[in-house]
$ cat final_11.cif   # mmCIF, C-alpha atoms
data_coords
loop_
_atom_site.label_atom_id
_atom_site.label_comp_id
_atom_site.auth_asym_id
_atom_site.auth_seq_id
_atom_site.Cartn_x
_atom_site.Cartn_y
_atom_site.Cartn_z
CA MET D 1 58.34 -17.97 57.31
CA PRO D 2 61.58 -19.89 57.80
CA CYS D 3 62.64 -22.50 55.27
CA SER D 4 63.50 -25.74 57.08
CA CYS D 5 63.31 -28.16 54.16
CA ARG D 6 63.80 -28.31 50.40
CA LYS D 7 62.18 -30.09 47.51
CA SER D 8 64.25 -32.50 45.48
CA ASP D 9 65.07 -29.82 42.90
CA GLY D 10 66.77 -27.73 45.60
CA VAL D 11 64.24 -24.88 45.52
CA PRO D 12 63.28 -23.80 49.07
CA ILE D 13 59.65 -24.63 49.69
CA ARG D 14 58.98 -21.10 50.96
CA TRP D 15 59.84 -19.56 47.60
CA GLU D 16 57.74 -22.12 45.77
CA TYR D 17 54.75 -21.13 47.88
CA LEU D 18 55.40 -17.44 47.32
CA GLY D 19 55.58 -18.08 43.59
CA ILE D 20 52.21 -19.81 43.78
CA LEU D 21 50.75 -16.91 45.73
CA ASN D 22 52.06 -14.46 43.15
CA CYS D 23 50.60 -16.67 40.40
CA LEU D 24 47.20 -16.53 42.04
CA LEU D 25 47.44 -12.81 42.70
CA SER D 26 48.35 -12.17 39.08
CA MET D 27 45.30 -14.16 37.98
CA LYS D 28 43.19 -12.15 40.40
CA ARG D 29 44.33 -8.96 38.72
CA LEU D 30 43.19 -10.43 35.39
CA GLY D 31 39.76 -11.34 36.81
CA MET D 32 40.44 -15.09 36.73
CA ASP D 33 39.86 -15.98 40.38
CA GLY D 34 36.11 -16.78 40.16
CA ASP D 35 34.64 -18.31 43.28
CA LEU D 36 37.87 -18.78 45.18
CA MET D 37 36.74 -20.79 48.15
CA ASP D 38 34.73 -23.24 46.00
CA ARG D 39 37.86 -23.89 43.98
CA VAL D 40 39.97 -24.21 47.15
CA HIS D 41 37.74 -26.91 48.53
CA ALA D 42 37.41 -28.71 45.21
CA ASP D 43 41.15 -28.75 44.62
CA ASN D 44 41.94 -29.82 48.17
CA ALA D 45 39.58 -32.77 47.78
CA SER D 46 41.61 -34.07 44.86
CA GLN D 47 45.10 -32.75 45.59
CA THR D 48 47.87 -34.38 43.55
CA GLN D 49 51.66 -34.53 43.65
CA ALA D 50 53.55 -31.76 41.78
CA ASP D 51 56.38 -32.70 39.45
CA GLY D 52 58.67 -29.85 40.50
CA VAL D 53 60.07 -27.14 38.29
CA ALA D 54 58.63 -28.47 34.99
CA GLU D 55 55.09 -28.55 36.30
CA ARG D 56 55.47 -25.13 37.96
CA SER D 57 56.40 -23.59 34.63
CA ALA D 58 53.14 -24.90 33.13
CA MET D 59 50.99 -24.03 36.13
CA ASN D 60 47.33 -23.08 35.68
CA TYR D 61 44.94 -21.89 38.36
CA GLY D 62 44.01 -25.36 39.55
CA GLY D 63 47.68 -26.37 39.56
CA CYS D 64 48.45 -23.41 41.79
CA MET D 65 45.89 -24.56 44.31
CA LYS D 66 47.08 -28.18 44.24
CA LEU D 67 50.58 -27.18 45.29
CA LEU D 68 49.41 -25.29 48.37
CA PRO D 69 49.46 -26.93 51.81
CA HIS D 70 46.39 -26.54 53.98
CA HIS D 71 48.01 -24.07 56.37
CA LEU D 72 48.42 -21.49 53.59
CA LEU D 73 44.74 -21.42 52.66
CA ALA D 74 44.08 -18.90 55.40
CA VAL D 75 46.75 -16.66 53.90
CA LEU D 76 45.12 -16.95 50.48
CA SER D 77 41.75 -16.01 51.91
CA LEU D 78 43.40 -13.00 53.53
CA LEU D 79 45.13 -11.89 50.35
CA LEU D 80 42.43 -12.47 47.76
CA ILE D 81 39.31 -10.89 49.22
CA PRO D 82 37.80 -7.96 47.28
CA THR D 83 39.88 -4.85 47.83
CA PHE D 84 39.98 -1.14 47.19
CA THR D 85 42.01 -0.09 44.17
CA TYR D 86 42.70 3.58 44.71
CA ALA D 87 46.20 5.06 45.09
CA MET D 88 47.77 8.33 46.03
CA SER D 89 51.25 9.81 45.98
CA GLY D 90 50.92 11.79 49.19
CA MET D 91 48.51 12.85 51.90
CA ASP D 92 46.68 16.00 50.92
CA ALA D 93 43.40 16.19 52.84
CA PRO D 94 42.79 18.00 56.17
CA HIS D 95 42.38 16.34 59.57
CA SER D 96 39.20 14.31 59.78
CA GLY D 97 39.58 11.99 62.77
CA HIS D 98 40.96 8.46 63.13
CA VAL D 99 38.87 5.62 61.73
CA LYS D 100 39.71 2.01 62.56
CA GLY D 101 39.03 -0.76 60.05
CA ASP D 102 36.43 -3.39 60.97
CA THR D 103 38.92 -6.26 60.87
CA SER D 104 42.08 -4.55 62.12
CA LEU D 105 43.36 -5.86 65.45
CA SER D 106 45.41 -2.73 66.13
CA GLU D 107 44.73 -0.62 69.20
CA SER D 108 45.58 2.98 70.02
CA ILE D 109 48.72 3.52 72.06
CA GLY D 110 46.66 6.13 73.89
CA ARG D 111 47.51 9.39 75.55
CA PRO D 112 49.78 11.17 76.17
CA ILE D 113 51.52 9.99 72.97
CA ASN D 114 48.36 10.34 70.88
CA SER D 115 46.58 13.68 70.89
CA SER D 116 43.74 15.36 69.00
CA GLU D 117 46.25 16.13 66.21
CA ALA D 118 48.40 13.87 64.04
CA GLU D 119 50.96 11.43 65.44
CA ILE D 120 53.02 9.22 63.12
CA GLU D 121 56.35 7.43 62.67
CA ILE D 122 57.22 6.25 66.17
CA THR D 123 60.49 4.50 67.06
CA TYR D 124 62.09 3.50 70.35
CA SER D 125 65.36 3.53 72.23
CA ALA D 126 67.19 0.22 72.61
CA ASP D 127 65.87 -0.24 76.17
CA GLY D 128 62.30 0.59 75.10
CA LYS D 129 62.00 3.39 77.66
CA THR D 130 62.10 6.32 75.23
CA ALA D 131 59.78 6.87 72.28
CA ILE D 132 60.44 9.43 69.56
CA PHE D 133 57.81 10.36 66.98
CA ALA D 134 56.39 13.08 64.73
CA SER D 135 53.35 15.11 65.76
CA GLY D 136 51.41 18.24 64.88
CA ARG D 137 50.10 18.70 68.41
CA LYS D 138 49.84 21.98 70.27
CA GLY D 139 53.32 23.39 70.84
CA SER D 140 54.62 22.43 67.41
CA ILE D 141 56.10 25.19 65.26
CA SER D 142 53.71 26.54 62.62
CA SER D 143 54.63 25.94 58.98
CA PRO D 144 54.04 28.90 56.63
CA GLY D 145 51.63 28.47 53.77
CA VAL D 146 50.12 25.13 54.88
CA PRO D 147 47.51 24.30 57.53
CA TYR D 148 49.62 21.47 58.99
CA ASN D 149 52.89 21.21 60.84
CA PHE D 150 55.06 18.30 61.96
CA ASP D 151 57.73 18.37 64.64
CA ILE D 152 59.63 15.68 66.51
CA TRP D 153 58.60 14.88 70.08
CA MET D 154 60.05 12.55 72.70
CA SER D 155 58.41 10.68 75.58
CA HIS D 156 59.94 8.63 78.39
CA SER D 157 58.38 5.64 80.10
CA VAL D 158 58.42 5.75 83.91
CA ASN D 159 57.22 2.65 85.75
CA GLY D 160 55.59 1.47 82.53
CA THR D 161 53.70 4.72 81.90
CA TRP D 162 54.49 7.11 79.04
CA GLN D 163 55.10 10.65 80.24
CA GLU D 164 54.00 13.90 78.60
CA PRO D 165 56.02 14.28 75.37
CA ILE D 166 58.83 16.84 75.13
CA HIS D 167 59.10 19.16 72.12
CA LEU D 168 62.59 18.96 70.59
CA GLY D 169 62.63 22.63 69.65
CA PRO D 170 63.71 26.12 70.78
CA GLY D 171 64.23 26.50 74.49
CA ILE D 172 64.95 22.86 75.26
CA ASP D 173 67.80 22.11 77.64
CA PRO D 174 70.51 20.60 75.37
CA THR D 175 71.24 17.99 78.02
CA VAL D 176 67.63 16.82 77.73
CA GLY D 177 67.23 16.78 73.96
CA PRO D 178 68.31 18.50 70.74
CA ASN D 179 66.82 21.67 69.30
CA ILE D 180 65.98 20.29 65.85
CA ASN D 181 62.44 21.46 65.11
CA THR D 182 61.87 24.35 62.70
CA SER D 183 59.04 25.76 60.57
CA ALA D 184 59.91 23.02 58.08
CA TRP D 185 58.51 19.52 58.61
CA GLU D 186 60.70 17.25 60.74
CA LEU D 187 59.66 13.63 60.36
CA GLU D 188 60.85 9.99 60.58
CA PRO D 189 63.09 10.18 63.67
CA SER D 190 65.07 7.34 65.20
CA LEU D 191 67.48 7.11 68.10
CA SER D 192 70.67 5.15 67.53
CA ASN D 193 71.23 1.95 69.49
CA ASP D 194 73.44 3.79 72.00
CA GLY D 195 71.02 6.71 72.37
CA ASN D 196 73.60 9.31 71.36
CA VAL D 197 72.39 10.05 67.82
CA ILE D 198 69.02 10.96 66.34
CA TYR D 199 68.53 10.46 62.61
CA PHE D 200 65.56 12.24 60.97
CA THR D 201 64.22 13.75 57.74
CA ARG D 202 63.45 17.42 57.05
CA TYR D 203 60.95 18.48 54.37
CA GLN D 204 59.73 21.74 52.94
CA PRO D 205 56.28 22.22 54.51
CA GLY D 206 53.60 20.38 52.60
CA ASN D 207 55.95 18.92 49.99
CA LEU D 208 56.85 15.26 50.52
CA SER D 209 59.12 15.33 47.45
CA THR D 210 61.76 17.48 49.16
CA GLY D 211 63.07 15.35 52.04
CA ASP D 212 66.72 15.42 53.10
CA LEU D 213 68.37 13.24 55.73
CA TYR D 214 69.72 14.92 58.90
CA VAL D 215 71.47 13.80 62.06
CA THR D 216 72.13 15.24 65.49
CA GLN D 217 74.65 13.90 68.01
CA LYS D 218 75.08 14.07 71.78
CA ILE D 219 78.70 14.78 72.76
CA ASN D 220 79.78 14.91 76.41
CA GLY D 221 76.11 14.84 77.40
CA VAL D 222 75.13 17.84 75.25
CA TRP D 223 73.08 17.61 72.05
CA GLN D 224 74.67 19.36 69.09
CA PRO D 225 73.02 21.23 66.14
CA ALA D 226 71.58 19.02 63.40
CA ARG D 227 73.67 18.43 60.27
CA ASN D 228 72.76 17.45 56.73
CA TRP D 229 74.10 13.97 55.91
CA ASN D 230 76.12 15.51 53.07
CA ASP D 231 78.11 17.44 55.70
CA VAL D 232 78.96 14.38 57.79
CA PRO D 233 82.08 12.46 56.64
CA GLU D 234 80.98 9.13 58.11
CA LEU D 235 77.65 9.08 56.25
CA PRO D 236 76.94 8.63 52.53
CA HIS D 237 76.32 11.93 50.75
CA ILE D 238 73.03 10.95 49.13
CA ASN D 239 70.91 14.09 49.61
CA THR D 240 70.10 15.88 46.36
CA PRO D 241 68.68 19.37 45.64
CA THR D 242 65.90 18.06 43.40
CA GLY D 243 64.66 14.86 45.03
CA GLU D 244 63.57 13.20 48.23
CA GLU D 245 65.79 11.04 50.41
CA HIS D 246 64.16 9.81 53.58
CA CYS D 247 63.82 7.30 56.39
CA PRO D 248 66.71 4.85 55.96
CA ILE D 249 67.28 1.42 57.44
CA ILE D 250 70.89 1.57 58.63
CA VAL D 251 71.96 -2.06 58.65
CA SER D 252 75.64 -1.48 59.42
CA ASP D 253 78.49 0.94 58.81
CA SER D 254 78.69 -0.40 55.25
CA LEU D 255 75.06 -0.98 54.18
CA ILE D 256 72.13 1.45 54.25
CA TYR D 257 68.74 1.08 52.63
CA PHE D 258 66.93 4.35 52.00
CA ASN D 259 63.89 5.77 50.26
CA TYR D 260 64.53 7.83 47.16
CA GLN D 261 62.42 9.96 44.85
CA GLN D 262 64.11 11.70 41.94
CA PRO D 263 62.37 13.08 38.82
CA GLY D 264 63.45 11.12 35.76
CA VAL D 265 65.19 8.46 37.86
CA THR D 266 62.60 6.84 40.14
CA GLN D 267 58.94 6.06 39.55
CA ASP D 268 57.74 7.75 42.74
CA SER D 269 59.39 7.03 46.07
CA ASP D 270 61.44 3.84 45.56
CA VAL D 271 63.60 1.72 47.85
CA TRP D 272 67.35 1.96 47.17
CA LYS D 273 70.55 0.91 48.90
CA VAL D 274 74.04 2.32 49.25
CA GLU D 275 77.08 0.24 50.23
CA LYS D 276 80.57 1.07 51.46
CA LYS D 277 83.43 -0.85 49.84
CA ASN D 278 87.09 -0.39 50.69
CA GLY D 279 86.14 2.49 52.95
CA VAL D 280 84.25 4.42 50.25
CA TRP D 281 80.49 4.80 49.89
CA GLN D 282 79.48 3.62 46.43
CA LYS D 283 76.85 4.90 44.00
CA PRO D 284 73.32 4.08 45.27
CA GLU D 285 71.35 1.32 43.54
CA SER D 286 67.63 0.56 43.23
CA LEU D 287 66.32 -2.67 44.75
CA GLY D 288 64.58 -3.34 41.46
CA SER D 289 61.21 -3.26 39.73
CA ARG D 290 59.65 -6.14 41.64
CA ILE D 291 59.76 -4.49 45.05
CA ASN D 292 59.40 -0.97 43.62
CA SER D 293 56.14 -0.10 41.87
CA PRO D 294 54.96 2.96 39.90
CA TYR D 295 53.44 4.12 43.19
CA ARG D 296 54.92 5.32 46.47
CA ASP D 297 57.09 2.65 48.14
CA HIS D 298 59.18 3.25 51.25
CA MET D 299 60.52 1.60 54.41
CA HIS D 300 60.80 2.56 58.05
CA TRP D 301 63.78 1.95 60.37
CA THR D 302 63.40 -1.56 61.86
CA GLY D 303 61.54 -3.14 58.93
CA LEU D 304 64.38 -5.48 57.94
CA SER D 305 64.76 -9.01 59.28
CA LYS D 306 67.95 -9.95 61.11
CA ASP D 307 68.94 -12.32 58.31
CA GLY D 308 68.48 -9.50 55.79
CA LYS D 309 66.13 -11.55 53.61
CA SER D 310 62.75 -10.01 54.46
CA LEU D 311 61.82 -6.33 54.15
CA LEU D 312 58.70 -4.45 55.22
CA ILE D 313 57.54 -1.54 53.10
CA THR D 314 54.75 1.01 53.09
CA SER D 315 53.17 1.27 49.65
CA THR D 316 50.23 2.85 47.85
CA ARG D 317 50.28 0.20 45.09
CA PRO D 318 46.63 -0.53 44.27
CA ASP D 319 46.86 -4.19 43.26
CA MET D 320 47.92 -7.52 44.76
CA GLY D 321 45.64 -7.34 47.79
CA SER D 322 45.73 -3.62 48.59
CA ARG D 323 43.23 -2.53 51.22
CA GLY D 324 43.40 1.09 50.01
CA GLY D 325 45.66 4.08 50.61
CA HIS D 326 49.00 3.28 52.22
CA ASP D 327 49.30 -0.35 53.35
CA MET D 328 52.05 -2.34 55.00
CA TRP D 329 53.63 -5.08 52.83
CA ILE D 330 56.44 -7.63 53.08
CA SER D 331 58.95 -8.62 50.40
CA TYR D 332 61.27 -11.62 50.46
CA GLN D 333 64.56 -12.31 48.73
CA ASN D 334 64.62 -15.39 46.54
CA PRO D 335 67.62 -17.77 46.70
CA LYS D 336 69.43 -15.56 44.18
CA GLY D 337 69.16 -12.56 46.50
CA GLU D 338 66.57 -10.81 44.32
CA TRP D 339 63.74 -8.95 46.04
CA GLN D 340 60.31 -10.25 45.05
CA GLU D 341 56.92 -8.59 44.66
CA PRO D 342 55.61 -7.74 48.14
CA LEU D 343 52.68 -9.46 49.84
CA ASN D 344 50.08 -7.39 51.71
CA LEU D 345 50.21 -7.92 55.49
CA GLY D 346 46.43 -8.29 55.52
CA ASP D 347 43.41 -7.11 57.42
CA THR D 348 44.81 -7.59 60.91
CA ILE D 349 46.74 -4.34 60.36
CA ASN D 350 45.75 -2.74 57.05
CA THR D 351 42.51 -0.79 56.61
CA PRO D 352 40.82 1.12 53.77
CA GLY D 353 42.52 4.21 55.23
CA GLU D 354 46.21 5.04 55.64
CA ASP D 355 48.45 2.51 57.43
CA MET D 356 52.07 3.46 57.17
CA CYS D 357 55.56 3.59 58.66
CA TRP D 358 55.14 0.79 61.18
CA THR D 359 58.08 -0.35 63.23
CA PHE D 360 58.89 -2.72 66.08
CA THR D 361 59.50 -2.29 69.76
CA PRO D 362 63.06 -3.29 70.71
CA ASP D 363 61.98 -6.73 71.98
CA GLY D 364 60.53 -7.44 68.52
CA LYS D 365 57.16 -8.48 69.96
CA THR D 366 55.01 -5.44 69.21
CA PHE D 367 54.38 -3.71 65.89
CA THR D 368 53.52 -0.01 66.09
CA GLY D 369 52.80 2.71 63.56
CA GLY D 370 50.45 5.28 62.11
CA SER D 371 46.89 4.67 60.99
CA GLY D 372 44.18 7.10 59.98
CA PRO D 373 41.46 8.03 57.49
CA ARG D 374 42.02 7.93 53.76
CA ASP D 375 43.86 10.93 52.26
CA SER D 376 44.36 12.47 55.70
CA TYR D 377 47.26 13.50 57.91
CA ASN D 378 45.26 12.79 61.04
CA HIS D 379 46.93 9.57 62.12
CA ASP D 380 47.16 7.99 65.55
CA ILE D 381 49.92 5.71 66.78
CA MET D 382 48.52 2.18 66.90
CA TRP D 383 49.93 -1.14 68.07
CA VAL D 384 49.37 -4.84 67.49
CA LYS D 385 51.16 -7.94 68.70
CA LYS D 386 53.57 -9.10 66.00
CA ASP D 387 52.34 -12.69 66.21
CA ASP D 388 48.77 -11.56 65.45
CA VAL D 389 49.90 -10.59 61.94
CA PRO D 390 50.22 -13.97 60.13
CA LEU D 391 53.06 -12.98 57.80
CA LEU D 392 55.09 -11.53 60.71
CA LYS D 393 55.06 -14.50 63.06
CA ASP D 394 58.54 -15.63 61.99
CA PHE D 395 59.89 -12.15 61.23
CA GLU D 396 62.78 -11.22 63.54
CA PRO D 397 63.43 -7.48 63.13
CA ILE D 398 66.73 -5.72 63.49
CA GLY D 399 66.97 -3.27 66.36
CA PRO D 400 67.58 0.49 66.43
CA PRO D 401 70.20 1.77 63.95
CA PRO D 402 73.88 1.89 64.89
CA ASN D 403 75.63 5.14 65.71
CA LEU D 404 77.84 5.71 62.67
CA LEU D 405 79.41 8.93 63.91
CA THR D 406 82.87 9.24 65.45
CA ASN D 407 83.69 10.67 68.88
CA LYS D 408 81.56 7.94 70.45
CA SER D 409 83.82 7.45 73.46
CA SER D 410 83.15 10.97 74.71
CA ASN D 411 79.37 10.57 74.52
CA SER D 412 77.33 10.03 77.63
CA LYS D 413 73.68 9.52 78.30
#

$ encode --input "final_11.cif" --output "structure tokens"
Amino acid sequence: MPCSCRKSDGVPIRWEYLGILNCLLSMKRLGMDGDLMDRVHADNASQTQADGVAERSAMNYGGCMKLLPHHLLAVLSLLLIPTFTYAMSGMDAPHSGHVKGDTSLSESIGRPINSSEAEIEITYSADGKTAIFASGRKGSISSPGVPYNFDIWMSHSVNGTWQEPIHLGPGIDPTVGPNINTSAWELEPSLSNDGNVIYFTRYQPGNLSTGDLYVTQKINGVWQPARNWNDVPELPHINTPTGEEHCPIIVSDSLIYFNYQQPGVTQDSDVWKVEKKNGVWQKPESLGSRINSPYRDHMHWTGLSKDGKSLLITSTRPDMGSRGGHDMWISYQNPKGEWQEPLNLGDTINTPGEDMCWTFTPDGKTFTGGSGPRDSYNHDIMWVKKDDVPLLKDFEPIGPPPNLLTNKSSNSK
């Protein structure tokens, strides 16, 4: 949604429209929407000129509709249909099979990446020929005390066909991949842009409030043991013994967004950032109460636009157009650099089940991620063309994260 023109008061038209959408969504939450489409047609038949900031401050429902151009009516229809209003803080139910929503355009990535067990959180190498993801398929290491397990697997594309995934665990040739899987849960992996680092999160089995960030590096063609971020000088020491730190978006060597859950500090999982100034990583900061809700909010790897002004999040928030369970949402910065309340990406991707941790292929054209039944771990990796999701048509994602570790010159693929 690029802004190519401005109103006379200097406010970018895009933000004015988003404000109107939020106005309407707020009224929806209060039960004020009535027969939406009747009002849309009535207001469009007698649309009048807005007076700018003064009129916006006194906006009622009809005024909201009068300010909207015709090409946003489809977005309103998408956002304001009746929705589910349940929420959850984690996924606690057993496997029950993938269920696709009636209106979702997403398709399964298919075998061999998907299996009869859970597959989630896929990312790709910079050339698009390697996929790395989490799975509980046969060959994963059992987790004590819980009926599920998650390990990291890797697949390579040969002549356009994905090959049988490789388990990154005991017995692997260290020139092929790292031995990083344990009886804990290893999730949320991503290769660096040069292919010589894998970032991931490790959790106590069954407890999504215990995540810590880890990294493994390939040096002279050999993958090294994984290290906690707190033990790596180049990375911010943000892991804590009592909270969850997981799945960052590494923008540069001086800016990292990450997901953070800390009792007494955050609401649930919230989106935070940490910056490096004068060579020193600073104290992390929350992105604020508009983008963070009392429910579970988190990001996944390539969900930031190249201009840094749009951010995709997974959230269980039950209002503002939720389809149920985890949904994918988008938040925009206003002209002051403040993150705004997210908008639901709509029915082309979100379902009444769980839709979470979606990311982009390196060419930015395909959106892929996990989708499955409500309150279940049994996700499949799905895909949809980016341009088929209306709010993503003008979203240009960043690529794989940079390699922030030293000794890069001695690395080899």

$ closest_residue --input "final_11.cif" --among "D:Gly206, D:Pro352, D:Pro241, D:Pro165" --to "Val146 (chain D)" --atoms "all atoms listed in the file"
D:Gly206

$ closest_residue --input "final_11.cif" --among "D:Ser104, D:Thr161, D:Ser142, D:Thr216" --to "Leu405 (chain D)" --atoms "only C-alpha atoms"
D:Thr216

$ atom_distance --input "final_11.cif" --atom1 "CA of Tyr203 (chain D)" --atom2 "CA of Ile120 (chain D)"
15.0 Å

$ atom_distance --input "final_11.cif" --atom1 "CA of Asn344 (chain D)" --atom2 "CA of Ile330 (chain D)"
6.5 Å

$ resolve_selection --input "final_11.cif" --expression "the PyMOL selection byres ((chain D and resi 246) around 8)" --output "list in words"
Glu188, Phe200, Thr201, Gly211, Asp212, Leu213, Glu244, Glu245, Cys247, Pro248, Phe258, Asn259 and Tyr260 of chain D

$ resolve_selection --input "final_11.cif" --expression "the PyMOL selection byres ((chain D and resi 340) around 10)" --output "list in words"
Trp15, Leu18, Gly19, Asn22, Leu287, Gly288, Ser289, Arg290, Ile291, Asn292, Ser310, Ile330, Ser331, Tyr332, Gln333, Asn334, Gly337, Glu338, Trp339, Glu341, Pro342 and Leu343 of chain D

$ resolve_selection --input "final_11.cif" --expression "the PyMOL selection byres ((chain D and resi 395) around 8)" --output "NGL selection string"
:D and (1 or 305 or 310 or 391-394 or 396-397)

$ closest_residue --input "final_11.cif" --among "D:Leu235, D:Thr123, D:Pro294, D:Gly370" --to "Pro318 (chain D)" --atoms "all atoms listed in the file"
D:Pro294

$ residues_around --input "final_11.cif" --residues "Gly171 (chain D)" --least-positions-apart "5" --cutoff "12 Å" --atoms "only C-alpha atoms" --output "list in words"
Gly139, Ile166, Val176, Gly177, Pro178, Asn179, Ile180 and Asn181 of chain D

$ atom_distance --input "final_11.cif" --atom1 "CA of Trp358 (chain D)" --atom2 "CA of Ser254 (chain D)"
24.3 Å

$ residues_around --input "final_11.cif" --residues "Asp388 (chain D)" --least-positions-apart "5" --cutoff "12 Å" --atoms "all atoms listed in the file" --output "NGL selection string"
:D and (104-106 or 345-349 or 365-367 or 383 or 393-395)

$ closest_residue --input "final_11.cif" --among "D:Trp301, D:Tyr124, D:Trp162, D:Tyr377" --to "Cys357 (chain D)" --atoms "all atoms listed in the file"
D:Trp301

$ residues_near_point --input "final_11.cif" --point "(49.6, 5.0, 61.3)" --cutoff "10 Å" --atoms "only C-alpha atoms" --output "number ranges by chain"
D: 98, 108, 118-122, 326-328, 349-350, 353-358, 368-373, 377-383

$ write_last_selection --input "final_11.cif" --atoms "C-alpha atoms" --output "short mmCIF file (atom, residue, chain, number, x, y, z; two decimals), keeping the file's coordinate frame"
data_model
loop_
_atom_site.label_atom_id
_atom_site.label_comp_id
_atom_site.auth_asym_id
_atom_site.auth_seq_id
_atom_site.Cartn_x
_atom_site.Cartn_y
_atom_site.Cartn_z
CA HIS D 98 40.96 8.46 63.13
CA SER D 108 45.58 2.98 70.02
CA ALA D 118 48.40 13.87 64.04
CA GLU D 119 50.96 11.43 65.44
CA ILE D 120 53.02 9.22 63.12
CA GLU D 121 56.35 7.43 62.67
CA ILE D 122 57.22 6.25 66.17
CA HIS D 326 49.00 3.28 52.22
CA ASP D 327 49.30 -0.35 53.35
CA MET D 328 52.05 -2.34 55.00
CA ILE D 349 46.74 -4.34 60.36
CA ASN D 350 45.75 -2.74 57.05
CA GLY D 353 42.52 4.21 55.23
CA GLU D 354 46.21 5.04 55.64
CA ASP D 355 48.45 2.51 57.43
CA MET D 356 52.07 3.46 57.17
CA CYS D 357 55.56 3.59 58.66
CA TRP D 358 55.14 0.79 61.18
CA THR D 368 53.52 -0.01 66.09
CA GLY D 369 52.80 2.71 63.56
CA GLY D 370 50.45 5.28 62.11
CA SER D 371 46.89 4.67 60.99
CA GLY D 372 44.18 7.10 59.98
CA PRO D 373 41.46 8.03 57.49
CA TYR D 377 47.26 13.50 57.91
CA ASN D 378 45.26 12.79 61.04
CA HIS D 379 46.93 9.57 62.12
CA ASP D 380 47.16 7.99 65.55
CA ILE D 381 49.92 5.71 66.78
CA MET D 382 48.52 2.18 66.90
CA TRP D 383 49.93 -1.14 68.07
#

$ residues_around --input "final_11.cif" --residues "Gly279 (chain D)" --least-positions-apart "5" --cutoff "12 Å" --atoms "only C-alpha atoms" --output "list in words"
Pro233, Glu234, Leu235, Pro236, Asp253, Ser254 and Leu255 of chain D

$ axis_aligned_box --input "final_11.cif" --around "region 389-398 of chain D" --padding-each-side "3 Å" --output "lines of an AutoDock Vina configuration file"
center_x = 58.3
center_y = -10.7
center_z = 60.7
size_x = 22.8
size_y = 15.9
size_z = 11.7

$ residues_around --input "final_11.cif" --residues "Ser293 (chain D)" --least-positions-apart "4" --cutoff "8 Å" --atoms "all atoms listed in the file" --output "number ranges by chain"
D: 267, 270, 289, 297, 317

$ closest_residue --input "final_11.cif" --among "D:Thr210, D:Asn230, D:Ser183, D:Ser192" --to "Gly399 (chain D)" --atoms "all atoms listed in the file"
D:Ser192
